[in-house]
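Engineer: A single structure is presented below for examination.
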There are 2 protein chains.
Amino acid sequence: MLEEIDLQVQRLLRRVNQQTLRHLDGSYQVATKSSYSDLVTTIDRQNEQEIDHQLRVIDPGCRILSEEGYGDRQLDDLAGHVWIVDPLDGTLNFVKQHDHFGIMLALYVDGHPTLGYIMDAVNQALYHGGNGWGVFKGDHRLTPPANTDLHDSLVAISSSLVLDDVANLTQVARQASGLRMYGSAAMEMIGVLSGELGAYISHLRPWDLAAGRVLAEELGLTVKSIDADGISVLSSNLVLVATKRAGQDILELTD
Amino acid sequence: MLEEIDLQVQRLLRRVNQQTLRHLDGSYQVATKSSYSDLVTTIDRQNEQEIDHQLRVIDPGCRILSEEGYGDRQLDDLAGHVWIVDPLDGTLNFVKQHDHFGIMLALYVDGHPTLGYIMDAVNQALYHGGNGWGVFKGDHRLTPPANTDLHDSLVAISSSLVLDDVANLTQVARQASGLRMYGSAAMEMIGVLSGELGAYISHLRPWDLAAGRVLAEELGLTVKSIDADGISVLSSNLVLVATKRAGQDILELTD
């Protein structure tokens with residue numbers, strides 16, 4: 001059952017990604033949301049409508065939480081199958097760089113992180129897995145990243161957290177091997193999954209976190225809230241995704 | 001004469017890059033230089049020895065300024081043909097990410113920025129040009145990037161400048177569309193040349209700046225020192241490489 005859903009979702013994501021890449025020539029409209037750098041394009045919306053529609057076919061009876069509002073209107077609990085959808089992550093990069101953006105999907109079953117999908121759009125590389133199956137890049141199974149400490153890790157921290165020195169994170173950046181910022185949760189999650197980054201810290205909304213959390217936990221990585229006791233899948237969280245050792249080092253600095 | 005040198009240098013760079021990529025399996029040694037995150041590998045040194053050796057064959061009588069010290073020992077002036085060589089830029093990324101690093105070369109003739117080469121190593125994309133010929137990615141001629149202002153630009157600023165708020169650069173970051181950090185001057189220069197970034201600001205040594213300066217000026221972009229009157233090719237500089245409008249906006253904020 002879950003296996004069949006998984007295969008169909010992988011096909012769906014590859015198809016939606018192909019459609020997205022065809023629009024890199026600029027055939028879309030852009031609008032702003034909360035601020036001038038918080039963008040949404042007609043591609044975000046088209047992708048979400050198609051993904052949400054197809055998920056209801058692939059997994060009848062599921063409920064959907066998706067960024068641009070085409071999912072279920074009221075979603076106050078996680079009973080049953082809940083899909084969390086980011087139809088285009090890194091929209092600013094999509095518009096300005098034509099690179100460094102992704103698409104993310106996750107399935108939570110009765111609140112349990114179950115399946116995750118992160119598509120590195122331009123490289124057409126799909127990171128997927130969960131449910132005890134492992135994590136894969138396409139057909140290739142990922143080995144868990146080396147358990148580096150903070151001092152030996154490159155870390156990605158979102159810019160506003162560094163500029164405002166939230167939760168002592170500038171100190172985290174200073175103690176790391178180096179600081180990186182890619183401007184897309186999808187790209188930064190992939191960085192941690194692949195071992196290119198030892199940690200990623202950001203204020204994440206449900207669709208920014210859901211897929212990365214499934215895949216990171218499946219690889220034995222740490223996924224923790226920095227500013228609260230637990231992670232709520234239905235709200236925003238200041239979250240770290242990290243190797244166990246880098247995660248410990250960071251939590252000591254941010255206490 | 002310059003045309004023949006250019007073709008031979010392009011071939012040299014492609015060959016050295018192939019050798020570099022063969023070492024991504026980890027068959028090299030790493031040592032530290034000025035700090036634990038300032039790395040040099042045996043690949044940096046092998047590349048530099050080969051590049052310097054071949055440049056003396058390709059351009060007899062030239063002088064060479066190169067990062068790891070295999071070039072000319074004394075270089076106090078820029079008379080004649082001077083090659084400036086970064087045999088592996090982004091060594092920390094090379095070691096930890098196996099991605100996001102490059103190789104850079106530039107020819108200055110009597111102090112005049114003449115030819116520049118930046119190899120995006122993993123993507124095997126060579127950005128090259130100068131001397132009024134234009135700038136090319138492989139065989140494809142680049143069009144000058146859109147002249148975006150700071151507000152409408154993604155900018156890359158090196159992490160230490162942001163963490164220490166050098167020259168009011170946190171304000172520059174706040175006024176930009178977004179802040180990015182890739183950890184390699186080669187990657188960040190390519191970002192500006194391709195229009196993915198509206199500006200790149202960093203403290204750059206001669207080999208970090210030389211090639212990017214040639215190519216950026218060839219495209220009509222601004223290359224300016226932030227903390228001094230002019231740029232010295234023989235010393236370190238706090239430099240911005242930017243669109244004309246973003247460059248103006250940044251210089252007003254950093255005055």
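Residue names in the structure tokens use chain letters A, B, ... in the order shown, residue numbers from 1 in each chain, and ligand numbers from 1 in the order shown.
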Please provide as a VMD selection string all residues within 12 Å of Ile231 of chain A, with the sequence filter that same-chain residues fewer than 3 positions apart are discarded (counting only C-alpha atoms).

Structural biologist: chain A and resid 111 to 113 203 to 206 209 to 210 213 222 to 228 234 to 241

Engineer: I need the chain A residues near chain B as an mmCIF file with all heavy atoms, in the first residue's frame; criterion: at most 10 Å, counting only C-alpha atoms.

Structural biologist:
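Written file, iface18.cif:
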```cif
data_model
loop_
_atom_site.group_PDB
_atom_site.id
_atom_site.type_symbol
_atom_site.label_atom_id
_atom_site.label_comp_id
_atom_site.auth_asym_id
_atom_site.auth_seq_id
_atom_site.Cartn_x
_atom_site.Cartn_y
_atom_site.Cartn_z
ATOM 1 N N TYR A 36 8.643 42.193 0.204
ATOM 2 C CA TYR A 36 9.047 42.276 -1.207
ATOM 3 C C TYR A 36 9.945 41.121 -1.610
ATOM 4 O O TYR A 36 10.088 40.829 -2.790
ATOM 5 C CB TYR A 36 9.733 43.619 -1.499
ATOM 6 C CG TYR A 36 11.196 43.653 -1.141
ATOM 7 C CD1 TYR A 36 12.174 43.456 -2.109
ATOM 8 C CD2 TYR A 36 11.594 43.873 0.163
ATOM 9 C CE1 TYR A 36 13.509 43.460 -1.770
ATOM 10 C CE2 TYR A 36 12.924 43.882 0.503
ATOM 11 C CZ TYR A 36 13.881 43.677 -0.471
ATOM 12 O OH TYR A 36 15.202 43.679 -0.144
ATOM 13 N N SER A 37 10.557 40.433 -0.623
ATOM 14 C CA SER A 37 11.406 39.298 -0.988
ATOM 15 C C SER A 37 10.719 37.959 -0.712
ATOM 16 O O SER A 37 11.319 36.906 -0.847
ATOM 17 C CB SER A 37 12.741 39.378 -0.242
ATOM 18 O OG SER A 37 12.521 39.362 1.147
ATOM 19 N N ASP A 38 9.450 38.002 -0.302
ATOM 20 C CA ASP A 38 8.654 36.788 -0.110
ATOM 21 C C ASP A 38 7.762 36.650 -1.339
ATOM 22 O O ASP A 38 6.703 37.246 -1.427
ATOM 23 C CB ASP A 38 7.821 36.920 1.174
ATOM 24 C CG ASP A 38 7.017 35.653 1.474
ATOM 25 O OD1 ASP A 38 7.312 34.601 0.879
ATOM 26 O OD2 ASP A 38 6.097 35.739 2.299
ATOM 27 N N LEU A 92 12.579 32.777 -4.491
ATOM 28 C CA LEU A 92 13.459 33.909 -4.830
ATOM 29 C C LEU A 92 14.633 33.423 -5.686
ATOM 30 O O LEU A 92 15.010 34.079 -6.672
ATOM 31 C CB LEU A 92 13.956 34.547 -3.523
ATOM 32 C CG LEU A 92 14.598 35.928 -3.562
ATOM 33 C CD1 LEU A 92 13.697 36.967 -4.198
ATOM 34 C CD2 LEU A 92 14.976 36.359 -2.138
ATOM 35 N N ASN A 93 15.202 32.280 -5.352
ATOM 36 C CA ASN A 93 16.260 31.702 -6.187
ATOM 37 C C ASN A 93 15.728 31.305 -7.566
ATOM 38 O O ASN A 93 16.389 31.516 -8.575
ATOM 39 C CB ASN A 93 16.866 30.464 -5.517
ATOM 40 C CG ASN A 93 17.755 30.803 -4.333
ATOM 41 O OD1 ASN A 93 18.096 31.957 -4.103
ATOM 42 N ND2 ASN A 93 18.131 29.787 -3.563
ATOM 43 N N PHE A 94 14.546 30.723 -7.572
ATOM 44 C CA PHE A 94 13.917 30.342 -8.851
ATOM 45 C C PHE A 94 13.823 31.551 -9.778
ATOM 46 O O PHE A 94 14.211 31.499 -10.942
ATOM 47 C CB PHE A 94 12.522 29.765 -8.575
ATOM 48 C CG PHE A 94 11.680 29.517 -9.790
ATOM 49 C CD1 PHE A 94 11.913 28.425 -10.617
ATOM 50 C CD2 PHE A 94 10.624 30.366 -10.110
ATOM 51 C CE1 PHE A 94 11.116 28.183 -11.733
ATOM 52 C CE2 PHE A 94 9.829 30.135 -11.231
ATOM 53 C CZ PHE A 94 10.080 29.040 -12.039
ATOM 54 N N VAL A 95 13.354 32.682 -9.226
ATOM 55 C CA VAL A 95 13.140 33.869 -10.042
ATOM 56 C C VAL A 95 14.462 34.529 -10.425
ATOM 57 O O VAL A 95 14.659 34.926 -11.573
ATOM 58 C CB VAL A 95 12.236 34.870 -9.287
ATOM 59 C CG1 VAL A 95 12.168 36.214 -10.004
ATOM 60 C CG2 VAL A 95 10.830 34.293 -9.098
ATOM 61 N N LYS A 96 15.378 34.640 -9.472
ATOM 62 C CA LYS A 96 16.592 35.435 -9.709
ATOM 63 C C LYS A 96 17.780 34.608 -10.187
ATOM 64 O O LYS A 96 18.702 35.133 -10.793
ATOM 65 C CB LYS A 96 16.975 36.202 -8.437
ATOM 66 C CG LYS A 96 15.936 37.253 -8.081
ATOM 67 C CD LYS A 96 16.454 38.220 -7.037
ATOM 68 C CE LYS A 96 15.408 39.262 -6.714
ATOM 69 N NZ LYS A 96 15.113 40.172 -7.844
ATOM 70 N N GLN A 97 17.802 33.322 -9.846
ATOM 71 C CA GLN A 97 18.976 32.515 -10.190
ATOM 72 C C GLN A 97 18.677 31.410 -11.201
ATOM 73 O O GLN A 97 19.603 30.874 -11.803
ATOM 74 C CB GLN A 97 19.549 31.872 -8.912
ATOM 75 C CG GLN A 97 19.893 32.900 -7.831
ATOM 76 C CD GLN A 97 20.820 32.341 -6.783
ATOM 77 O OE1 GLN A 97 20.657 31.214 -6.323
ATOM 78 N NE2 GLN A 97 21.816 33.127 -6.404
ATOM 79 N N HIS A 98 17.404 31.062 -11.339
ATOM 80 C CA HIS A 98 17.045 29.912 -12.185
ATOM 81 C C HIS A 98 17.795 28.666 -11.716
ATOM 82 O O HIS A 98 18.147 27.800 -12.515
ATOM 83 C CB HIS A 98 17.329 30.182 -13.665
ATOM 84 C CG HIS A 98 16.661 31.421 -14.177
ATOM 85 N ND1 HIS A 98 17.024 32.057 -15.330
ATOM 86 C CD2 HIS A 98 15.655 32.155 -13.666
ATOM 87 C CE1 HIS A 98 16.259 33.109 -15.521
ATOM 88 N NE2 HIS A 98 15.424 33.186 -14.520
ATOM 89 N N ASP A 99 18.061 28.606 -10.441
ATOM 90 C CA ASP A 99 18.817 27.490 -9.864
ATOM 91 C C ASP A 99 18.595 27.522 -8.349
ATOM 92 O O ASP A 99 18.079 28.488 -7.806
ATOM 93 C CB ASP A 99 20.298 27.664 -10.204
ATOM 94 C CG ASP A 99 21.074 26.347 -10.150
ATOM 95 O OD1 ASP A 99 20.513 25.324 -9.696
ATOM 96 O OD2 ASP A 99 22.239 26.344 -10.561
ATOM 97 N N HIS A 151 32.825 22.136 15.274
ATOM 98 C CA HIS A 151 34.108 22.698 14.867
ATOM 99 C C HIS A 151 34.540 22.170 13.499
ATOM 100 O O HIS A 151 35.214 22.855 12.741
ATOM 101 C CB HIS A 151 35.142 22.302 15.936
ATOM 102 C CG HIS A 151 36.441 23.016 15.831
ATOM 103 N ND1 HIS A 151 36.580 24.357 16.085
ATOM 104 C CD2 HIS A 151 37.689 22.558 15.523
ATOM 105 C CE1 HIS A 151 37.849 24.698 15.934
ATOM 106 N NE2 HIS A 151 38.535 23.626 15.596
ATOM 107 N N ASP A 152 34.138 20.957 13.188
ATOM 108 C CA ASP A 152 34.564 20.289 11.953
ATOM 109 C C ASP A 152 33.458 20.297 10.894
ATOM 110 O O ASP A 152 33.540 19.570 9.908
ATOM 111 C CB ASP A 152 34.963 18.844 12.304
ATOM 112 C CG ASP A 152 35.891 18.243 11.253
ATOM 113 O OD1 ASP A 152 36.632 19.015 10.616
ATOM 114 O OD2 ASP A 152 35.857 17.014 11.080
ATOM 115 N N SER A 153 32.427 21.125 11.098
ATOM 116 C CA SER A 153 31.268 21.135 10.196
ATOM 117 C C SER A 153 31.083 22.477 9.509
ATOM 118 O O SER A 153 31.229 23.532 10.143
ATOM 119 C CB SER A 153 29.977 20.860 10.993
ATOM 120 O OG SER A 153 29.960 19.563 11.527
ATOM 121 N N LEU A 154 30.717 22.438 8.247
ATOM 122 C CA LEU A 154 30.129 23.613 7.613
ATOM 123 C C LEU A 154 28.664 23.673 8.024
ATOM 124 O O LEU A 154 27.991 22.639 8.038
ATOM 125 C CB LEU A 154 30.235 23.511 6.088
ATOM 126 C CG LEU A 154 31.661 23.471 5.521
ATOM 127 C CD1 LEU A 154 31.627 23.239 4.007
ATOM 128 C CD2 LEU A 154 32.388 24.771 5.833
ATOM 129 N N ALA A 156 24.818 25.773 7.676
ATOM 130 C CA ALA A 156 23.952 26.767 7.029
ATOM 131 C C ALA A 156 23.007 27.328 8.079
ATOM 132 O O ALA A 156 22.380 26.568 8.835
ATOM 133 C CB ALA A 156 23.157 26.129 5.893
ATOM 134 N N SER A 158 20.019 30.516 8.384
ATOM 135 C CA SER A 158 19.344 31.491 7.529
ATOM 136 C C SER A 158 19.754 32.905 7.931
ATOM 137 O O SER A 158 20.079 33.190 9.075
ATOM 138 C CB SER A 158 17.834 31.302 7.556
ATOM 139 O OG SER A 158 17.366 31.360 8.855
ATOM 140 N N SER A 159 19.749 33.796 6.945
ATOM 141 C CA SER A 159 20.404 35.091 7.109
ATOM 142 C C SER A 159 19.802 35.924 8.225
ATOM 143 O O SER A 159 20.532 36.568 8.990
ATOM 144 C CB SER A 159 20.379 35.862 5.797
ATOM 145 O OG SER A 159 19.053 36.096 5.383
ATOM 146 N N SER A 160 18.487 35.924 8.371
ATOM 147 C CA SER A 160 17.885 36.798 9.390
ATOM 148 C C SER A 160 18.321 36.365 10.787
ATOM 149 O O SER A 160 18.506 37.198 11.672
ATOM 150 C CB SER A 160 16.363 36.780 9.274
ATOM 151 O OG SER A 160 15.878 35.477 9.537
ATOM 152 N N VAL A 162 21.202 35.152 11.605
ATOM 153 C CA VAL A 162 22.569 35.639 11.808
ATOM 154 C C VAL A 162 22.567 37.153 11.971
ATOM 155 O O VAL A 162 23.190 37.695 12.895
ATOM 156 C CB VAL A 162 23.466 35.226 10.622
ATOM 157 C CG1 VAL A 162 24.824 35.907 10.705
ATOM 158 C CG2 VAL A 162 23.629 33.709 10.584
ATOM 159 N N LEU A 163 21.841 37.850 11.107
ATOM 160 C CA LEU A 163 21.862 39.317 11.155
ATOM 161 C C LEU A 163 21.277 39.833 12.466
ATOM 162 O O LEU A 163 21.731 40.845 12.996
ATOM 163 C CB LEU A 163 21.099 39.893 9.961
ATOM 164 C CG LEU A 163 21.789 39.694 8.600
ATOM 165 C CD1 LEU A 163 20.855 40.090 7.459
ATOM 166 C CD2 LEU A 163 23.090 40.494 8.520
ATOM 167 N N ASP A 164 20.296 39.141 13.005
ATOM 168 C CA ASP A 164 19.683 39.580 14.270
ATOM 169 C C ASP A 164 20.274 38.854 15.477
ATOM 170 O O ASP A 164 19.807 39.055 16.600
ATOM 171 C CB ASP A 164 18.163 39.329 14.225
ATOM 172 C CG ASP A 164 17.492 40.195 13.166
ATOM 173 O OD1 ASP A 164 18.069 41.228 12.794
ATOM 174 O OD2 ASP A 164 16.403 39.823 12.695
ATOM 175 N N ASP A 165 21.261 38.013 15.255
ATOM 176 C CA ASP A 165 21.888 37.201 16.309
ATOM 177 C C ASP A 165 20.840 36.547 17.225
ATOM 178 O O ASP A 165 20.885 36.658 18.441
ATOM 179 C CB ASP A 165 22.881 38.023 17.144
ATOM 180 C CG ASP A 165 23.767 37.091 18.002
ATOM 181 O OD1 ASP A 165 23.789 35.867 17.727
ATOM 182 O OD2 ASP A 165 24.412 37.586 18.938
ATOM 183 N N THR A 170 25.169 33.563 16.100
ATOM 184 C CA THR A 170 26.435 34.045 15.521
ATOM 185 C C THR A 170 27.613 33.313 16.166
ATOM 186 O O THR A 170 28.620 33.060 15.520
ATOM 187 C CB THR A 170 26.619 35.569 15.688
ATOM 188 O OG1 THR A 170 26.587 35.893 17.080
ATOM 189 C CG2 THR A 170 25.535 36.344 14.963
ATOM 190 N N GLN A 171 27.454 32.944 17.430
ATOM 191 C CA GLN A 171 28.509 32.186 18.091
ATOM 192 C C GLN A 171 28.616 30.783 17.496
ATOM 193 O O GLN A 171 29.719 30.250 17.317
ATOM 194 C CB GLN A 171 28.238 32.134 19.606
ATOM 195 C CG GLN A 171 29.417 31.704 20.434
ATOM 196 C CD GLN A 171 30.674 32.535 20.166
ATOM 197 O OE1 GLN A 171 30.591 33.738 19.923
ATOM 198 N NE2 GLN A 171 31.825 31.894 20.163
ATOM 199 N N ALA A 173 27.951 30.095 14.429
ATOM 200 C CA ALA A 173 28.624 30.289 13.136
ATOM 201 C C ALA A 173 30.132 30.439 13.319
ATOM 202 O O ALA A 173 30.925 29.880 12.560
ATOM 203 C CB ALA A 173 28.055 31.522 12.433
ATOM 204 N N ARG A 174 30.530 31.178 14.355
ATOM 205 C CA ARG A 174 31.969 31.389 14.588
ATOM 206 C C ARG A 174 32.682 30.100 14.944
ATOM 207 O O ARG A 174 33.854 29.919 14.638
ATOM 208 C CB ARG A 174 32.178 32.395 15.711
ATOM 209 C CG ARG A 174 31.881 33.827 15.327
ATOM 210 C CD ARG A 174 32.059 34.757 16.538
ATOM 211 N NE ARG A 174 31.414 36.042 16.319
ATOM 212 C CZ ARG A 174 31.954 37.033 15.613
ATOM 213 N NH1 ARG A 174 33.133 36.886 15.078
ATOM 214 N NH2 ARG A 174 31.295 38.167 15.455
ATOM 215 N N ALA A 176 31.864 27.102 13.971
ATOM 216 C CA ALA A 176 31.825 26.103 12.892
ATOM 217 C C ALA A 176 33.041 26.263 11.992
ATOM 218 O O ALA A 176 33.764 27.265 12.055
ATOM 219 C CB ALA A 176 30.546 26.275 12.079
ATOM 220 N N SER A 177 33.238 25.278 11.151
ATOM 221 C CA SER A 177 34.294 25.331 10.143
ATOM 222 C C SER A 177 34.043 26.461 9.155
ATOM 223 O O SER A 177 34.976 27.065 8.636
ATOM 224 C CB SER A 177 34.280 24.004 9.389
ATOM 225 O OG SER A 177 35.520 23.477 9.237
ATOM 226 N N GLY A 178 32.784 26.706 8.866
ATOM 227 C CA GLY A 178 32.431 27.763 7.924
ATOM 228 C C GLY A 178 30.926 27.911 7.875
ATOM 229 O O GLY A 178 30.192 27.002 8.254
ATOM 230 N N LEU A 179 30.471 29.086 7.415
ATOM 231 C CA LEU A 179 29.041 29.413 7.348
ATOM 232 C C LEU A 179 28.612 29.460 5.878
ATOM 233 O O LEU A 179 29.310 30.027 5.044
ATOM 234 C CB LEU A 179 28.813 30.776 8.017
ATOM 235 C CG LEU A 179 27.395 31.354 8.009
ATOM 236 C CD1 LEU A 179 26.423 30.462 8.761
ATOM 237 C CD2 LEU A 179 27.408 32.763 8.625
ATOM 238 N N ARG A 180 27.484 28.862 5.596
ATOM 239 C CA ARG A 180 26.958 28.862 4.232
ATOM 240 C C ARG A 180 25.503 29.303 4.255
ATOM 241 O O ARG A 180 24.785 29.032 5.238
ATOM 242 C CB ARG A 180 27.035 27.444 3.620
ATOM 243 C CG ARG A 180 28.446 26.851 3.564
ATOM 244 C CD ARG A 180 29.317 27.557 2.545
ATOM 245 N NE ARG A 180 30.661 26.993 2.489
ATOM 246 C CZ ARG A 180 31.717 27.499 3.168
ATOM 247 N NH1 ARG A 180 31.581 28.576 3.927
ATOM 248 N NH2 ARG A 180 32.902 26.943 3.031
ATOM 249 N N MET A 181 25.049 29.929 3.171
ATOM 250 C CA MET A 181 23.639 30.315 3.012
ATOM 251 C C MET A 181 23.246 30.105 1.559
ATOM 252 O O MET A 181 23.807 30.745 0.681
ATOM 253 C CB MET A 181 23.439 31.801 3.361
ATOM 254 C CG MET A 181 23.708 32.164 4.797
ATOM 255 S SD MET A 181 23.443 33.937 5.108
ATOM 256 C CE MET A 181 24.039 34.045 6.813
ATOM 257 N N TYR A 182 22.294 29.196 1.322
ATOM 258 C CA TYR A 182 21.877 28.905 -0.049
ATOM 259 C C TYR A 182 20.504 29.480 -0.377
ATOM 260 O O TYR A 182 20.111 29.514 -1.541
ATOM 261 C CB TYR A 182 21.875 27.393 -0.290
ATOM 262 C CG TYR A 182 23.211 26.715 -0.026
ATOM 263 C CD1 TYR A 182 23.275 25.420 0.498
ATOM 264 C CD2 TYR A 182 24.412 27.357 -0.298
ATOM 265 C CE1 TYR A 182 24.495 24.793 0.725
ATOM 266 C CE2 TYR A 182 25.640 26.740 -0.070
ATOM 267 C CZ TYR A 182 25.678 25.453 0.453
ATOM 268 O OH TYR A 182 26.880 24.830 0.686
ATOM 269 N N GLY A 183 19.743 29.875 0.642
ATOM 270 C CA GLY A 183 18.466 30.524 0.362
ATOM 271 C C GLY A 183 17.332 29.581 0.012
ATOM 272 O O GLY A 183 16.330 30.009 -0.545
ATOM 273 N N GLY A 191 21.935 19.396 1.711
ATOM 274 C CA GLY A 191 23.305 19.546 2.183
ATOM 275 C C GLY A 191 23.580 18.710 3.422
ATOM 276 O O GLY A 191 24.619 18.050 3.519
ATOM 277 N N SER A 194 23.376 14.826 2.641
ATOM 278 C CA SER A 194 24.501 14.311 1.851
ATOM 279 C C SER A 194 25.826 14.459 2.585
ATOM 280 O O SER A 194 26.856 13.991 2.095
ATOM 281 C CB SER A 194 24.579 15.060 0.520
ATOM 282 O OG SER A 194 24.884 16.426 0.762
ATOM 283 N N GLY A 195 25.820 15.125 3.747
ATOM 284 C CA GLY A 195 27.065 15.329 4.497
ATOM 285 C C GLY A 195 27.847 16.559 4.066
ATOM 286 O O GLY A 195 28.921 16.827 4.594
ATOM 287 N N GLU A 196 27.318 17.340 3.119
ATOM 288 C CA GLU A 196 28.026 18.567 2.718
ATOM 289 C C GLU A 196 27.956 19.628 3.808
ATOM 290 O O GLU A 196 28.818 20.503 3.887
ATOM 291 C CB GLU A 196 27.443 19.112 1.409
ATOM 292 C CG GLU A 196 27.686 18.198 0.225
ATOM 293 C CD GLU A 196 27.420 18.880 -1.111
ATOM 294 O OE1 GLU A 196 27.124 20.082 -1.127
ATOM 295 O OE2 GLU A 196 27.515 18.193 -2.131
ATOM 296 N N LEU A 197 26.903 19.595 4.595
ATOM 297 C CA LEU A 197 26.746 20.487 5.745
ATOM 298 C C LEU A 197 26.604 19.620 6.994
ATOM 299 O O LEU A 197 25.933 18.595 6.968
ATOM 300 C CB LEU A 197 25.484 21.350 5.597
ATOM 301 C CG LEU A 197 25.394 22.288 4.399
ATOM 302 C CD1 LEU A 197 23.994 22.890 4.292
ATOM 303 C CD2 LEU A 197 26.438 23.404 4.509
ATOM 304 N N GLY A 198 27.202 20.076 8.113
ATOM 305 C CA GLY A 198 27.029 19.353 9.364
ATOM 306 C C GLY A 198 25.778 19.780 10.106
ATOM 307 O O GLY A 198 25.316 19.079 11.018
#
```

Engineer: Pick out the residues sitting within 7 Å of segment 21-30 of chain A, and hand them over as a ChimeraX atom specification; count only C-alpha atoms, and ignore anything fewer than 5 positions along from it in its own chain.

Structural biologist: /A:39-43,98

Engineer: What's around Leu253 of chain A at 8 Å? Count only C-alpha atoms, leave out sequence neighbours fewer than 6 positions away in its own chain, and write the answer as a ChimeraX atom specification.

Structural biologist: /A:168-169,171-172

Engineer: May I have the residues from that selection written out with all heavy atoms, as a PDB file, in the first residue's frame?

Structural biologist:
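Ended up saving to out08.pdb:
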```pdb
ATOM      1  N   ASN A 168      21.882  33.269  20.013  1.00  0.00           N
ATOM      2  CA  ASN A 168      23.351  33.103  20.060  1.00  0.00           C
ATOM      3  C   ASN A 168      23.893  32.397  18.819  1.00  0.00           C
ATOM      4  O   ASN A 168      24.982  31.797  18.865  1.00  0.00           O
ATOM      5  CB  ASN A 168      23.748  32.329  21.327  1.00  0.00           C
ATOM      6  CG  ASN A 168      25.205  32.579  21.727  1.00  0.00           C
ATOM      7  OD1 ASN A 168      25.752  33.657  21.456  1.00  0.00           O
ATOM      8  ND2 ASN A 168      25.834  31.603  22.333  1.00  0.00           N
ATOM      9  N   LEU A 169      23.182  32.479  17.716  1.00  0.00           N
ATOM     10  CA  LEU A 169      23.603  31.712  16.534  1.00  0.00           C
ATOM     11  C   LEU A 169      24.838  32.287  15.851  1.00  0.00           C
ATOM     12  O   LEU A 169      25.519  31.559  15.111  1.00  0.00           O
ATOM     13  CB  LEU A 169      22.438  31.583  15.547  1.00  0.00           C
ATOM     14  CG  LEU A 169      21.360  30.606  16.035  1.00  0.00           C
ATOM     15  CD1 LEU A 169      20.115  30.675  15.154  1.00  0.00           C
ATOM     16  CD2 LEU A 169      21.901  29.169  16.043  1.00  0.00           C
ATOM     17  N   GLN A 171      27.454  32.944  17.430  1.00  0.00           N
ATOM     18  CA  GLN A 171      28.509  32.186  18.091  1.00  0.00           C
ATOM     19  C   GLN A 171      28.616  30.783  17.496  1.00  0.00           C
ATOM     20  O   GLN A 171      29.719  30.250  17.317  1.00  0.00           O
ATOM     21  CB  GLN A 171      28.238  32.134  19.606  1.00  0.00           C
ATOM     22  CG  GLN A 171      29.417  31.704  20.434  1.00  0.00           C
ATOM     23  CD  GLN A 171      30.674  32.535  20.166  1.00  0.00           C
ATOM     24  OE1 GLN A 171      30.591  33.738  19.923  1.00  0.00           O
ATOM     25  NE2 GLN A 171      31.825  31.894  20.163  1.00  0.00           N
ATOM     26  N   VAL A 172      27.482  30.205  17.181  1.00  0.00           N
ATOM     27  CA  VAL A 172      27.478  28.905  16.486  1.00  0.00           C
ATOM     28  C   VAL A 172      28.242  29.021  15.165  1.00  0.00           C
ATOM     29  O   VAL A 172      29.094  28.187  14.835  1.00  0.00           O
ATOM     30  CB  VAL A 172      26.032  28.417  16.242  1.00  0.00           C
ATOM     31  CG1 VAL A 172      26.008  27.200  15.322  1.00  0.00           C
ATOM     32  CG2 VAL A 172      25.346  28.105  17.573  1.00  0.00           C
TER      33      VAL A 172
END
```

Engineer: Within 8 Å of segment 129-137 of chain A, counting only C-alpha atoms, which residues qualify if same-chain residues fewer than 4 places away don't, as an MDAnalysis selection string?

Structural biologist: chainID A and resid 113:117 125 141:142 214:215 218:219

Engineer: Assign secondary structure with DSSP using the backbone only, and return the residues of segment 13-175 of chain B in strand (DSSP E) as number ranges by chain.

Structural biologist: B: 30-32, 39-41, 63-66, 81-89, 102-109, 112-120, 125-130, 135-137, 140-141, 154-157

Engineer: DSSP says alpha helix (DSSP H) for which residues of segment 10-248 of chain B? Put them as a VMD selection string?

Structural biologist: chain B and resid 10 to 22 42 to 58 91 to 97 159 to 163 169 to 175 185 to 194 206 to 218 244 to 248

Engineer: Fewer than 4 positions away in the same chain doesn't count, so skip those; otherwise give me all residues within 10 Å of Ile84 of chain B, counting only C-alpha atoms, as a list in words.

Structural biologist: Asp52, Arg63, Ile64, Leu65, Ser66, Glu67, Gly71, Met104, Leu105, Ala106, Leu107, Tyr108, Gly116, Pro206, Trp207, Asp208, Leu209, Ala210, Ala211, Val233 and Leu234 of chain B

Engineer: Rank nothing, just name the residue among B:Leu78, B:Ser35, B:Asn17, B:Gln10 nearest to Leu55 of chain B, using only C-alpha atoms.

Structural biologist: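 The shortest atom-to-atom distance to Leu55 of chain B comes from B:Gln10.
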
Engineer: Which is closer to Leu13 of chain A than all the others in A:Val85, A:Ala79, A:Met1, A:Val57, using only C-alpha atoms?

Structural biologist: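 Checking each of A:Val85, A:Ala79, A:Met1, A:Val57 against Leu13 of chain A, counting only C-alpha atoms, the winner is A:Val85.
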
Engineer: Which one is closest to Asp59 of chain A: A:Asp77, A:Glu3, A:Glu188, A:Asp120? Count only C-alpha atoms.

Structural biologist: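 Among A:Asp77, A:Glu3, A:Glu188, A:Asp120, it is A:Glu3 that comes nearest to Asp59 of chain A.
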
Engineer: Need the shell around Asn47 of chain A: protein/DNA/RNA residues with any atom at most 8 Å away, counting only C-alpha atoms. Skip same-chain ones fewer than 6 positions apart. Format as a CSV table (one decimal) with C-alpha atoms, in the first residue's frame?

Structural biologist:
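The file below, around_22.csv, is the result:
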```csv
chain,number,residue,atom,x,y,z
A,16,VAL,CA,5.9,18.3,-11.9
A,20,THR,CA,8.7,23.6,-13.6
A,87,PRO,CA,5.3,23.2,-4.4
A,88,LEU,CA,8.3,25.4,-5.0
```
